[in-house]
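What follows is the content of query-v2.txt, which has compact mmCIF, C-alpha atoms and all ligand atoms:
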# COMPACT_ATOMS: atom_id res chain seq x y z
CA MET A 1 -6.52 14.63 -29.74
CA ARG A 2 -8.41 16.26 -26.90
CA PHE A 3 -10.70 14.26 -24.62
CA ASP A 4 -13.80 15.84 -26.18
CA GLU A 5 -12.67 14.62 -29.61
CA LEU A 6 -12.76 10.94 -28.59
CA SER A 7 -15.51 8.57 -29.73
CA THR A 8 -17.40 6.20 -27.50
CA PRO A 9 -16.91 3.49 -26.53
CA SER A 10 -13.14 3.83 -26.05
CA TYR A 11 -10.64 2.12 -23.81
CA ILE A 12 -8.26 4.84 -22.62
CA VAL A 13 -4.95 3.59 -21.23
CA GLN A 14 -2.96 6.02 -19.10
CA GLU A 15 0.73 5.82 -19.97
CA GLU A 16 1.83 7.45 -16.71
CA LYS A 17 -0.06 4.93 -14.63
CA ILE A 18 1.47 2.06 -16.62
CA LYS A 19 4.90 3.58 -15.98
CA SER A 20 4.22 3.90 -12.26
CA ASN A 21 3.16 0.21 -12.10
CA LEU A 22 6.25 -0.77 -14.10
CA ASN A 23 8.48 1.18 -11.72
CA ILE A 24 7.15 -0.82 -8.77
CA LEU A 25 7.79 -4.08 -10.64
CA LYS A 26 11.26 -3.01 -11.77
CA ASN A 27 12.13 -2.19 -8.18
CA VAL A 28 11.09 -5.74 -7.16
CA GLN A 29 13.23 -7.22 -9.95
CA GLU A 30 16.27 -5.20 -8.97
CA LYS A 31 16.04 -5.59 -5.21
CA ALA A 32 15.01 -9.27 -5.19
CA GLY A 33 17.21 -10.30 -8.13
CA CYS A 34 14.29 -11.94 -9.93
CA LYS A 35 12.78 -11.59 -13.40
CA ILE A 36 9.25 -10.35 -14.05
CA LEU A 37 7.36 -11.13 -17.27
CA LEU A 38 4.17 -9.59 -18.62
CA ALA A 39 1.43 -12.23 -18.90
CA GLN A 40 -0.01 -11.07 -22.20
CA LYS A 41 -3.35 -12.73 -21.59
CA ALA A 42 -4.24 -9.82 -19.29
CA PHE A 43 -2.94 -6.97 -21.40
CA SER A 44 -1.65 -7.25 -24.97
CA MET A 45 -1.65 -3.61 -26.03
CA TYR A 46 1.52 -4.04 -28.03
CA ARG A 47 1.82 -0.34 -28.74
CA LEU A 48 3.29 -0.31 -25.21
CA TYR A 49 5.60 -3.34 -25.55
CA PRO A 50 8.69 -1.20 -26.29
CA LEU A 51 7.99 0.77 -23.09
CA ILE A 52 7.30 -2.40 -21.07
CA SER A 53 10.55 -3.92 -22.36
CA GLU A 54 12.45 -1.03 -20.75
CA TYR A 55 11.25 -2.15 -17.32
CA LEU A 56 10.50 -5.90 -17.37
CA SER A 57 12.55 -8.94 -18.40
CA GLY A 58 10.15 -10.28 -20.98
CA TYR A 59 6.77 -11.71 -21.86
CA THR A 60 4.82 -14.88 -21.33
CA ALA A 61 2.29 -16.31 -23.74
CA SER A 62 -0.69 -18.64 -23.54
CA GLY A 63 0.12 -20.14 -26.91
CA LEU A 64 1.55 -19.51 -30.35
CA PHE A 65 -0.29 -16.28 -31.22
CA GLU A 66 0.65 -14.41 -28.05
CA ALA A 67 4.22 -15.72 -28.35
CA LYS A 68 4.35 -14.42 -31.93
CA LEU A 69 3.04 -11.04 -30.86
CA ALA A 70 5.76 -10.75 -28.24
CA ALA A 71 8.43 -11.91 -30.71
CA GLU A 72 7.32 -9.29 -33.22
CA GLU A 73 6.84 -6.38 -30.86
CA MET A 74 9.20 -6.82 -27.91
CA SER A 75 12.81 -5.66 -27.66
CA LYS A 76 15.47 -8.15 -28.77
CA SER A 77 16.80 -8.69 -25.25
CA ALA A 78 13.39 -9.57 -23.77
CA GLU A 79 12.64 -13.20 -22.91
CA ASN A 80 9.72 -15.02 -24.50
CA HIS A 81 8.08 -17.75 -22.39
CA VAL A 82 5.08 -19.91 -23.25
CA PHE A 83 2.76 -22.19 -21.33
CA GLU A 84 -0.18 -24.01 -22.86
CA PRO A 85 -2.05 -26.93 -21.29
CA ALA A 86 -1.67 -28.87 -24.57
CA TYR A 87 0.35 -27.86 -27.64
CA LYS A 88 -0.65 -28.76 -31.17
CA PRO A 89 2.15 -30.66 -32.90
CA SER A 90 1.70 -28.41 -35.96
CA GLU A 91 2.55 -25.35 -33.85
CA MET A 92 5.49 -26.71 -31.85
CA GLU A 93 8.25 -25.95 -34.33
CA GLU A 94 7.20 -22.31 -34.67
CA ILE A 95 6.93 -21.96 -30.89
CA LEU A 96 10.44 -23.35 -30.46
CA LYS A 97 11.83 -20.90 -32.99
CA ILE A 98 10.59 -17.86 -31.07
CA CYS A 99 10.40 -18.92 -27.41
CA ASP A 100 13.33 -19.33 -25.04
CA HIS A 101 11.31 -21.01 -22.26
CA VAL A 102 8.62 -23.64 -22.92
CA TYR A 103 6.48 -25.03 -20.10
CA PHE A 104 4.61 -28.34 -20.35
CA ASN A 105 1.50 -29.27 -18.39
CA SER A 106 1.93 -33.06 -18.35
CA ILE A 107 4.56 -35.74 -18.79
CA ALA A 108 2.62 -36.96 -21.83
CA GLN A 109 2.95 -33.51 -23.48
CA LEU A 110 6.63 -33.26 -22.56
CA GLU A 111 7.35 -36.62 -24.16
CA LYS A 112 5.10 -36.08 -27.18
CA HIS A 113 7.13 -33.03 -28.17
CA ARG A 114 10.53 -34.25 -26.91
CA GLU A 115 12.04 -34.86 -30.32
CA ALA A 116 11.25 -31.25 -31.33
CA TRP A 117 12.31 -29.42 -28.15
CA GLU A 118 15.44 -31.51 -27.59
CA ARG A 119 16.89 -30.20 -30.87
CA TYR A 120 16.60 -26.62 -29.55
CA GLU A 121 17.46 -27.49 -25.98
CA LYS A 122 20.74 -29.19 -26.95
CA GLU A 123 21.81 -26.02 -28.74
CA GLY A 124 20.99 -23.96 -25.62
CA LYS A 125 18.16 -22.14 -27.40
CA VAL A 126 15.34 -23.18 -25.09
CA LYS A 127 14.82 -24.12 -21.45
CA ILE A 128 12.13 -26.63 -20.54
CA ALA A 129 9.88 -26.60 -17.47
CA LEU A 130 6.97 -28.55 -16.07
CA ARG A 131 3.91 -26.97 -14.49
CA ILE A 132 3.11 -28.52 -11.15
CA ASN A 133 -0.10 -28.43 -9.15
CA PRO A 134 0.63 -27.58 -5.50
CA GLU A 135 -2.87 -28.85 -4.56
CA HIS A 136 -3.27 -25.91 -2.23
CA SER A 137 -6.26 -23.66 -2.89
CA THR A 138 -6.03 -20.16 -1.49
CA GLN A 139 -9.03 -18.76 -3.30
CA VAL A 140 -12.53 -18.55 -1.98
CA GLY A 141 -15.44 -17.35 -4.05
CA HIS A 142 -14.33 -17.63 -7.66
CA GLU A 143 -13.52 -21.29 -8.32
CA ILE A 144 -13.42 -20.62 -12.05
CA TYR A 145 -9.99 -19.08 -11.42
CA ASP A 146 -8.69 -21.79 -9.09
CA PRO A 147 -6.18 -24.14 -10.76
CA CYS A 148 -6.04 -26.17 -7.53
CA GLY A 149 -9.74 -27.03 -7.64
CA LYS A 150 -10.94 -30.62 -7.56
CA GLY A 151 -10.06 -32.51 -10.75
CA SER A 152 -8.09 -29.56 -12.15
CA ARG A 153 -6.31 -30.22 -15.44
CA LEU A 154 -3.73 -27.51 -14.72
CA GLY A 155 -0.35 -28.68 -13.45
CA ILE A 156 0.99 -32.11 -12.53
CA ARG A 157 0.07 -33.36 -9.07
CA ARG A 158 2.83 -34.89 -6.95
CA ILE A 159 1.25 -38.33 -7.23
CA ASP A 160 1.55 -38.14 -11.03
CA PHE A 161 5.07 -36.67 -11.01
CA PRO A 162 7.98 -39.04 -11.74
CA GLU A 163 10.50 -39.77 -8.99
CA GLU A 164 13.34 -38.55 -11.20
CA LEU A 165 13.12 -35.15 -12.87
CA PRO A 166 12.74 -36.00 -16.58
CA LYS A 167 15.88 -35.51 -18.69
CA GLY A 168 16.10 -31.99 -20.13
CA VAL A 169 13.73 -30.40 -17.60
CA THR A 170 15.44 -27.61 -15.67
CA GLY A 171 12.49 -25.59 -14.40
CA LEU A 172 9.22 -25.82 -12.48
CA HIS A 173 6.20 -23.58 -12.71
CA PHE A 174 3.08 -23.07 -10.65
CA HIS A 175 0.24 -20.61 -11.08
CA THR A 176 -2.47 -20.70 -8.45
CA LEU A 177 -3.21 -17.12 -7.35
CA CYS A 178 -5.71 -14.53 -8.55
CA GLU A 179 -5.57 -10.90 -7.35
CA GLN A 180 -3.82 -12.00 -4.15
CA GLY A 181 -1.25 -10.74 -1.68
CA LEU A 182 1.99 -12.16 -0.33
CA GLU A 183 0.62 -14.54 2.31
CA PRO A 184 -1.18 -16.85 -0.17
CA LEU A 185 2.05 -17.01 -2.19
CA LYS A 186 4.07 -17.96 0.89
CA GLU A 187 1.49 -20.59 1.85
CA THR A 188 1.52 -22.01 -1.66
CA PHE A 189 5.29 -22.12 -1.77
CA ALA A 190 5.28 -23.98 1.55
CA ALA A 191 2.88 -26.51 -0.03
CA VAL A 192 5.26 -26.81 -3.01
CA GLU A 193 8.19 -27.39 -0.65
CA GLY A 194 6.16 -30.04 1.18
CA ARG A 195 5.26 -31.94 -1.96
CA PHE A 196 8.00 -31.14 -4.49
CA GLY A 197 10.84 -30.15 -2.13
CA LYS A 198 13.30 -32.73 -3.41
CA TYR A 199 13.20 -31.25 -6.92
CA LEU A 200 13.70 -27.64 -5.86
CA LYS A 201 17.45 -28.11 -5.42
CA GLN A 202 17.75 -29.80 -8.83
CA ILE A 203 16.18 -27.08 -10.97
CA SER A 204 17.80 -23.92 -12.29
CA PHE A 205 14.64 -21.79 -12.42
CA ILE A 206 11.17 -21.56 -10.92
CA ASN A 207 8.23 -19.55 -12.17
CA LEU A 208 5.80 -18.46 -9.46
CA GLY A 209 3.04 -17.67 -11.98
CA GLY A 210 0.72 -14.67 -11.91
CA GLY A 211 -2.09 -13.41 -9.72
CA HIS A 212 0.27 -11.31 -7.55
CA HIS A 213 -1.41 -7.94 -6.96
CA ILE A 214 1.98 -6.28 -6.54
CA THR A 215 0.92 -2.83 -7.75
CA LYS A 216 -2.10 -2.60 -5.47
CA ASP A 217 -1.65 -0.03 -2.70
CA ASP A 218 -1.70 -2.49 0.19
CA TYR A 219 0.59 -5.15 -1.33
CA ASP A 220 3.58 -6.02 0.87
CA VAL A 221 6.27 -5.27 -1.73
CA GLU A 222 9.17 -5.34 0.73
CA GLY A 223 7.89 -8.68 2.07
CA LEU A 224 7.84 -10.09 -1.47
CA ILE A 225 11.42 -8.93 -2.07
CA ALA A 226 12.57 -10.57 1.17
CA PHE A 227 10.68 -13.78 0.34
CA ILE A 228 12.24 -14.07 -3.13
CA LYS A 229 15.71 -13.41 -1.74
CA ASP A 230 15.15 -16.14 0.86
CA ILE A 231 14.05 -18.83 -1.57
CA LYS A 232 16.84 -17.92 -3.99
CA ALA A 233 19.40 -18.22 -1.21
CA LYS A 234 17.92 -21.53 -0.05
CA TYR A 235 17.65 -23.24 -3.45
CA GLY A 236 20.01 -21.33 -5.74
CA PHE A 237 17.49 -21.11 -8.57
CA GLU A 238 16.47 -18.17 -10.71
CA VAL A 239 12.99 -16.83 -9.87
CA TYR A 240 10.39 -15.63 -12.36
CA LEU A 241 7.03 -14.01 -11.74
CA GLU A 242 4.50 -13.56 -14.53
CA PRO A 243 1.77 -11.18 -13.41
CA GLY A 244 -0.65 -9.73 -15.93
CA GLU A 245 -3.03 -7.54 -13.96
CA ALA A 246 -0.25 -5.89 -11.94
CA ILE A 247 1.23 -4.29 -15.06
CA ALA A 248 -1.92 -2.42 -16.05
CA LEU A 249 -3.86 -2.34 -12.77
CA ASN A 250 -6.02 0.80 -12.56
CA ALA A 251 -4.30 2.10 -15.68
CA GLY A 252 -7.27 2.31 -18.00
CA THR A 253 -10.86 3.48 -18.31
CA LEU A 254 -13.73 2.74 -20.65
CA ILE A 255 -15.80 5.74 -21.70
CA THR A 256 -19.33 5.22 -22.95
CA GLU A 257 -22.24 7.43 -23.96
CA VAL A 258 -25.76 7.28 -22.56
CA LEU A 259 -28.17 6.55 -25.44
CA ASP A 260 -31.44 6.30 -23.56
CA VAL A 261 -32.82 6.34 -20.03
CA VAL A 262 -35.58 3.81 -19.36
CA ARG A 263 -37.84 3.75 -16.31
CA THR A 264 -39.46 0.44 -15.45
CA GLY A 265 -41.47 0.70 -12.24
CA ASP A 266 -38.93 1.68 -9.57
CA TYR A 267 -35.93 0.96 -11.81
CA ILE A 268 -34.00 3.60 -13.69
CA THR A 269 -31.79 2.16 -16.42
CA ALA A 270 -29.30 4.10 -18.51
CA ILE A 271 -28.66 2.32 -21.82
CA VAL A 272 -25.10 2.93 -23.00
CA ASP A 273 -23.03 2.12 -26.08
CA ALA A 274 -20.71 -0.16 -24.10
CA SER A 275 -21.54 -3.75 -23.17
CA ALA A 276 -20.54 -6.01 -20.30
CA ALA A 277 -20.89 -9.07 -22.53
CA CYS A 278 -18.84 -7.60 -25.39
CA HIS A 279 -16.39 -5.11 -23.90
CA MET A 280 -15.87 -6.19 -20.30
CA PRO A 281 -16.69 -9.94 -20.23
CA ASP A 282 -15.17 -10.42 -16.76
CA VAL A 283 -18.06 -8.40 -15.33
CA LEU A 284 -20.35 -11.33 -16.19
CA GLU A 285 -17.80 -14.14 -16.00
CA MET A 286 -16.15 -13.41 -12.67
CA PRO A 287 -18.65 -11.74 -11.84
CA TYR A 288 -17.87 -8.26 -10.50
CA THR A 289 -19.14 -4.69 -10.63
CA PRO A 290 -16.60 -2.35 -12.19
CA PRO A 291 -16.05 1.04 -10.57
CA LEU A 292 -18.05 3.85 -12.19
CA LEU A 293 -16.12 7.07 -11.74
CA ASP A 294 -19.32 9.13 -12.01
CA ALA A 295 -20.96 7.33 -9.08
CA THR A 296 -21.07 8.82 -5.61
CA GLU A 297 -20.58 7.38 -2.15
CA ASP A 298 -23.14 9.86 -0.79
CA THR A 299 -26.87 9.55 -1.23
CA GLY A 300 -28.27 9.88 -4.71
CA PHE A 301 -30.25 8.04 -7.35
CA LEU A 302 -29.99 4.30 -7.86
CA VAL A 303 -29.24 3.81 -11.54
CA ARG A 304 -28.66 0.62 -13.47
CA ILE A 305 -26.19 0.93 -16.34
CA ALA A 306 -26.94 -1.56 -19.09
CA SER A 307 -25.99 -2.24 -22.66
CA ARG A 308 -27.78 -1.82 -25.95
CA THR A 309 -27.37 -5.56 -26.76
CA CYS A 310 -30.31 -7.98 -26.72
CA LEU A 311 -29.03 -9.87 -23.68
CA ALA A 312 -31.30 -9.16 -20.71
CA GLY A 313 -28.41 -9.77 -18.34
CA ASP A 314 -26.05 -7.39 -20.13
CA VAL A 315 -26.04 -5.09 -17.13
CA ILE A 316 -22.75 -3.48 -16.15
CA GLY A 317 -23.85 -2.59 -12.65
CA THR A 318 -26.16 -0.63 -10.39
CA TYR A 319 -24.72 2.57 -8.93
CA VAL A 320 -25.65 5.49 -6.73
CA MET A 321 -25.38 8.59 -8.92
CA PRO A 322 -25.57 12.24 -7.92
CA ARG A 323 -28.17 12.83 -10.66
CA ILE A 324 -30.10 10.72 -13.12
CA PRO A 325 -27.99 10.44 -16.29
CA GLU A 326 -29.21 12.18 -19.42
CA VAL A 327 -28.95 11.13 -23.04
CA GLY A 328 -25.55 12.25 -24.32
CA ASP A 329 -23.78 12.01 -20.96
CA ILE A 330 -20.36 10.36 -21.03
CA LEU A 331 -19.81 7.81 -18.27
CA THR A 332 -16.40 6.44 -17.27
CA PHE A 333 -15.68 2.97 -15.89
CA GLY A 334 -12.41 2.40 -14.06
CA ASP A 335 -9.80 -0.38 -14.20
CA MET A 336 -10.59 -1.28 -17.78
CA ALA A 337 -7.12 -1.94 -19.21
CA ILE A 338 -6.86 -5.52 -17.98
CA TYR A 339 -8.78 -8.54 -19.29
CA SER A 340 -10.90 -6.18 -21.39
CA MET A 341 -9.54 -5.56 -24.89
CA VAL A 342 -7.96 -9.04 -24.89
CA LYS A 343 -11.37 -10.64 -24.29
CA ASN A 344 -13.81 -8.46 -26.18
CA ASN A 345 -16.10 -9.65 -28.94
CA THR A 346 -18.66 -8.40 -31.44
CA PHE A 347 -21.79 -10.25 -30.25
CA ASN A 348 -24.89 -8.54 -31.67
CA GLY A 349 -22.59 -6.86 -34.20
CA MET A 350 -21.46 -4.47 -31.48
CA ALA A 351 -18.57 -2.25 -32.48
CA LEU A 352 -15.32 -2.81 -30.63
CA PRO A 353 -14.17 0.19 -28.57
CA ASP A 354 -11.35 2.39 -29.86
CA ILE A 355 -8.02 1.89 -28.14
CA VAL A 356 -6.60 5.21 -26.97
CA LEU A 357 -3.35 6.07 -25.20
CA GLU A 358 -3.39 9.04 -22.83
CA HIS A 359 0.00 10.70 -22.64
CA ALA A 360 1.38 12.64 -19.66
CA ASP A 361 0.99 15.96 -21.52
CA GLY A 362 -2.77 15.41 -21.79
CA ASP A 363 -2.72 14.34 -25.43
CA PHE A 364 -4.97 11.40 -26.39
CA GLU A 365 -3.48 9.22 -29.14
CA LEU A 366 -5.86 7.06 -31.13
CA VAL A 367 -4.02 3.73 -31.32
CA LYS A 368 -6.69 1.69 -33.03
CA ARG A 369 -10.19 2.14 -34.42
CA PHE A 370 -12.31 -0.82 -35.47
CA SER A 371 -14.95 -0.96 -38.15
CA TYR A 372 -17.66 -3.11 -39.67
CA GLU A 373 -14.89 -5.03 -41.49
CA ASP A 374 -13.50 -6.29 -38.16
CA PHE A 375 -16.92 -7.73 -37.37
CA LYS A 376 -17.44 -9.20 -40.83
CA SER A 377 -13.94 -10.59 -41.30
CA ARG A 378 -14.33 -12.95 -38.35
CA LEU A 379 -17.50 -14.57 -39.63
C1 LIG A 401 -0.32 -19.42 -16.19
C2 LIG A 401 -0.72 -18.01 -15.90
N1 LIG A 401 0.24 -17.09 -15.67
C3 LIG A 401 -0.05 -15.80 -15.40
C4 LIG A 401 -1.37 -15.36 -15.34
C5 LIG A 401 -1.65 -13.90 -15.07
O1 LIG A 401 -2.40 -13.71 -13.95
P1 LIG A 401 -2.79 -12.24 -13.42
O2 LIG A 401 -3.21 -11.45 -14.60
O3 LIG A 401 -3.89 -12.50 -12.47
O4 LIG A 401 -1.57 -11.68 -12.77
C6 LIG A 401 -2.41 -16.28 -15.56
C7 LIG A 401 -3.82 -15.87 -15.47
O5 LIG A 401 -4.73 -16.58 -15.62
C8 LIG A 401 -2.07 -17.64 -15.85
O6 LIG A 401 -3.02 -18.55 -16.10

Translate this file's structure into structure tokens.
Amino acid sequence: MRFDELSTPSYIVQEEKIKSNLNILKNVQEKAGCKILLAQKAFSMYRLYPLISEYLSGYTASGLFEAKLAAEEMSKSAENHVFEPAYKPSEMEEILKICDHVYFNSIAQLEKHREAWERYEKEGKVKIALRINPEHSTQVGHEIYDPCGKGSRLGIRRIDFPEELPKGVTGLHFHTLCEQGLEPLKETFAAVEGRFGKYLKQISFINLGGGHHITKDDYDVEGLIAFIKDIKAKYGFEVYLEPGEAIALNAGTLITEVLDVVRTGDYITAIVDASAACHMPDVLEMPYTPPLLDATEDTGFLVRIASRTCLAGDVIGTYVMPRIPEVGDILTFGDMAIYSMVKNNTFNGMALPDIVLEHADGDFELVKRFSYEDFKSRL
């Protein structure tokens, strides 16, 4: 397909950009001697799992469904990890059949499912880890993403951790970062050493979680490689990282059409067929203003881009534009591959955007189109 044949709204994922992110991550794996997993919660466009499997070591899931998706779509050699704050007993057996690494969030959960996981662990089919809470916040501004916040349910604090590593546990896991660089990781690891140091020599693997903005231009990639080599040399464990964003950072856009332009006093609002609430929920949840590729950094017209839903606050952002948009204009939002299609919804009966893959030769492949049935079938 050509660009002008696409419908709106559509998420367009650029294959070349995904490859360039994957190359950076593969280089880290090779030079540092670590393993990098795709955190599917950020990006589950499984059409690309065969490609991703060529570069990364595997996948990590937030529960049974993501683990199943990876098991069905990934290459046979890829690893399949899972972490969930609490597992349902009815799902444990299926998880153990398809996952090679299972992480527990509490001693109570570990023990509740011991009978099940021990059967697989004794046969060498699964490795078991505990998520710890380093109690070291490095995030300011969006507490909703801080697992080290006061009263957090995520990860076992040192005070609640047994003196002896529980039988069968060979790994530790922490996830505390969000869109961060190397220094917060180093700081957090120092906090882990301070609190959990005695266990670090007893485990065979550690998972440093996600939130590493490795594919961002200013990330200290060489510093990360050196850091991983250092901790591997010091403790002799295998190191995993499980970023989500980094795999598809700046690798996708969302195109949308202007349906109406409304003037209310001094405000100019372009109503589009995309929605912050439905198609880019992080815009309201985080909150943040996504980049609009049609905006200008020079002087221009202040235009609010808002959705056609009923929600007054369904505003994507306010931008300086070189001209006032007209009905029929196509607008393009940047960085829309991550935490977008995995979180979207059909509030107001809004149609879900098409999922499109842009190939290097300029061809646009329609990967998925949704219909009224997708809305109805969930209700
Ligand atoms: C346990 C865990 N691992 C990995 C990730 C991926 O983080 P990111 O997409 O910021 O790299 C998350 C995100 O919330 C997470 O909760």

Just want the residues within 7 Å of ligand LIG 401 (chain A), written as a PDB file with C-alpha atoms, in the frame of the given file, counting all atoms listed in the file.
ATOM      1  CA  ALA A  39       1.430 -12.230 -18.900  1.00  0.00           C
ATOM      2  CA  LYS A  41      -3.350 -12.730 -21.590  1.00  0.00           C
ATOM      3  CA  ALA A  42      -4.240  -9.820 -19.290  1.00  0.00           C
ATOM      4  CA  PHE A  83       2.760 -22.190 -21.330  1.00  0.00           C
ATOM      5  CA  HIS A 175       0.240 -20.610 -11.080  1.00  0.00           C
ATOM      6  CA  LEU A 177      -3.210 -17.120  -7.350  1.00  0.00           C
ATOM      7  CA  CYS A 178      -5.710 -14.530  -8.550  1.00  0.00           C
ATOM      8  CA  GLU A 179      -5.570 -10.900  -7.350  1.00  0.00           C
ATOM      9  CA  GLY A 209       3.040 -17.670 -11.980  1.00  0.00           C
ATOM     10  CA  GLY A 210       0.720 -14.670 -11.910  1.00  0.00           C
ATOM     11  CA  GLY A 211      -2.090 -13.410  -9.720  1.00  0.00           C
ATOM     12  CA  HIS A 212       0.270 -11.310  -7.550  1.00  0.00           C
ATOM     13  CA  HIS A 213      -1.410  -7.940  -6.960  1.00  0.00           C
ATOM     14  CA  GLU A 242       4.500 -13.560 -14.530  1.00  0.00           C
ATOM     15  CA  PRO A 243       1.770 -11.180 -13.410  1.00  0.00           C
ATOM     16  CA  GLY A 244      -0.650  -9.730 -15.930  1.00  0.00           C
ATOM     17  CA  GLU A 245      -3.030  -7.540 -13.960  1.00  0.00           C
ATOM     18  CA  ALA A 246      -0.250  -5.890 -11.940  1.00  0.00           C
TER      19      ALA A 246
END

Do a neighbour search on Asn250 in chain A at 8 Å with all atoms listed in the file, toss out local chain neighbours closer than 6 positions, and write the hits as a PyMOL selection string. chain A and resi 17+334-337

Just checking: using all atoms listed in the file, which residue out of A:Ile247, A:Val262, A:Thr138, A:Gly197 ends up closest to Tyr59 in chain A?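 Looking at the shortest contact to Tyr59 in chain A, the residue is A:Ile247.
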
Please work out which residues fall within 12 Å of (9.1, -2.6, -25.4), coordinates as given in the file, with all atoms listed in the file counting, and return them as an NGL selection string. :A and (22 or 37-38 or 44-59 or 69-79)

Counting all atoms listed in the file, find residues at most 8 Å from (1.4, 2.0, -11.1) (file frame) and give them as a VMD selection string. chain A and resid 16 to 24 215 247 to 251

d(CA of Gly223 in chain A, CA of Ala129 in chain A) in Å: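 Interatomic distance, CA of Gly223 in chain A to CA of Ala129 in chain A: 26.6 Å.
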
Give me, as a PDB file with C-alpha atoms, in the coordinates of the input, all polymer residues having an atom no more than 9 Å from range 166-168 of chain A, counting all atoms listed in the file and skipping those fewer than 6 positions away in the same chain.
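So selection-v4.pdb came out as:
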ATOM      1  CA  ILE A 107       4.560 -35.740 -18.790  1.00  0.00           C
ATOM      2  CA  LEU A 110       6.630 -33.260 -22.560  1.00  0.00           C
ATOM      3  CA  GLU A 118      15.440 -31.510 -27.590  1.00  0.00           C
ATOM      4  CA  GLU A 121      17.460 -27.490 -25.980  1.00  0.00           C
ATOM      5  CA  LYS A 122      20.740 -29.190 -26.950  1.00  0.00           C
ATOM      6  CA  LYS A 127      14.820 -24.120 -21.450  1.00  0.00           C
ATOM      7  CA  ILE A 128      12.130 -26.630 -20.540  1.00  0.00           C
ATOM      8  CA  ALA A 129       9.880 -26.600 -17.470  1.00  0.00           C
TER       9      ALA A 129
END

Taking into account all atoms listed in the file, which residue in the set A:Ile144, A:Asp160, A:Leu284, A:Glu123 is nearest to Ser106 in chain A?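 Counting all atoms listed in the file, the residue closest to Ser106 in chain A is A:Asp160.
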
Give me, as JSON, numbers by chain, all polymer residues having an atom no more than 7 Å from Asp273 in chain A, counting only C-alpha atoms and skipping those fewer than 4 positions away in the same chain. {"A": [9, 256, 257, 258, 259, 307, 308]}

Grab the CA of Arg369 in chain A to CA of Asp4 in chain A distance for me, in Å with one decimal place. 16.4 Å

Write out as a list in words which residues come within 8 Å of Val261 in chain A when counting all atoms listed in the file, dropping same-chain ones fewer than 4 positions away.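 Here the answer would be Ile268, Thr269, Ala270, Ile271, Pro325, Glu326 and Val327 of chain A.
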
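Taking CA of Ser137 in chain A as the reference point, CA of Gly149 in chain A is found at 6.8 Å.
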
Would you list the contacts of Ile324 in chain A as a PyMOL selection string, taking every protein, DNA or RNA residue within 12 Å and counting all atoms listed in the file, but skipping same-chain residues closer than 4 positions in sequence? chain A and resi 258+260-263+267-270+294-296+300-305+319-320+329+331

Nearest residue to Thr346 in chain A from the set A:Cys278, A:Leu154, A:Val272, A:Met286 (distances using only C-alpha atoms):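 Comparing A:Cys278, A:Leu154, A:Val272, A:Met286 against Thr346 in chain A, the winner is A:Cys278.
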
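Considering the residues A:Leu241, A:Leu64, A:Ile12, A:Ala32 and counting all atoms listed in the file, Phe227 in chain A has its shortest atom-to-atom contact with A:Ala32.
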
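Minimum atom-to-atom distance to Glu285 in chain A, evaluated using all atoms listed in the file, belongs to A:Ser340 out of A:Ser340, A:Thr299, A:Gln40, A:Gln202.
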